Amino acid sequence: MSRFSFLNRSNTFHLTPLESSPQKPYNFERTNSLDKFYDTMESVKPTKSSIRGRMVKKFCNLFETKSKDSSKSSKFAPSPNESCPSSRAKSNLSNSKALDSSCTLFMLPHTEDRIVVYFTSLRGIRRTFEDCNAVRMILKGFRVWVDERDVSMDIEYRKELQCVMKEEKVSLPQVFIRGKYIGGADVIKHLFECGELGKLLEGFPKTKPGGFVCEGCGDMRFVPCFDCSGSRKVFDEDEGVVKRCLECNENGLIRCPDCCY
């Protein structure tokens, strides 16, 4: 006989099916069980959950009343687009006064007969490059000749702009019309959208339709120097010494004679 009683065969049980009690078929429908579950949940209503529900309802009602009041006030409040004509006239006068003050603030000498744009063709700063291209495209749309001065191609233009603006760090682009300072990219875009830019450009000669690209420089406004071919060095036959070319800039370039004057 084993030491453990639960290993003894005499303690095993033999289950025999009862013929008198037939097995009931399983019901796989969940509707009855769900109905009973929801009935029990409805019957059991704890006090804490009911209090929380009431508080939530009160907060919802408060927010709904506030939203209704704000919607009513917004209906009766005038929209910014439906402003009165007197306010529009005042805003136009203030804009014109601000433009006149900015024009008289900086003056570019010897440019009373032209439009001057200081820009850069380098892609080092994406925002600056896109603003310069946008201003150039806007001015080209009016088919007027523009004196484009690329500060990345000639350092003298950068020094000239710094001297006029009286600052060392000047953002690009900068536009001057008839020697008067107009502004940067944001100002030009605003004037273009308002229709004021066309009034400022009245009186300038129009270019031929389609003649936007210069055949001499391809709208680069610079060509290699004719004397040194861009090397910045010239041989002096009298002295027999190589000297610095005085006709070109630090990059060995000169202004295009076809599109610049």
# chains A, B, ... in the order shown; residues from 1 in each chain; ligands from 1
>>> residues_around(residues="A:Ser121", least_positions_apart="5", cutoff="8 Å", atoms="only C-alpha atoms", output="mmCIF file with N, CA, C and O atoms, in the first residue's frame")
data_model
loop_
_atom_site.group_PDB
_atom_site.id
_atom_site.type_symbol
_atom_site.label_atom_id
_atom_site.label_comp_id
_atom_site.auth_asym_id
_atom_site.auth_seq_id
_atom_site.Cartn_x
_atom_site.Cartn_y
_atom_site.Cartn_z
ATOM 1 N N PHE A 129 16.505 83.563 -50.490
ATOM 2 C CA PHE A 129 16.544 83.294 -51.935
ATOM 3 C C PHE A 129 15.138 83.318 -52.537
ATOM 4 O O PHE A 129 14.917 83.891 -53.619
ATOM 5 N N CYS A 132 13.832 86.967 -52.702
ATOM 6 C CA CYS A 132 14.464 87.711 -53.798
ATOM 7 C C CYS A 132 13.845 87.334 -55.135
ATOM 8 O O CYS A 132 13.552 88.206 -55.967
ATOM 9 N N ASP A 150 23.133 92.442 -57.667
ATOM 10 C CA ASP A 150 23.390 91.208 -56.919
ATOM 11 C C ASP A 150 24.574 91.433 -55.982
ATOM 12 O O ASP A 150 25.714 91.586 -56.420
ATOM 13 N N SER A 152 25.882 89.315 -54.010
ATOM 14 C CA SER A 152 26.768 88.154 -53.945
ATOM 15 C C SER A 152 27.757 88.113 -55.108
ATOM 16 O O SER A 152 28.750 87.377 -55.036
#
>>> atom_distance(atom1="atom CA of A:Ser229", atom2="atom CA of A:Ile254")
10.2 Å
>>> closest_residue(among="A:Gly252, A:Pro257, A:Gly203, A:Gly230", to="A:Gly216", atoms="only C-alpha atoms")
A:Pro257
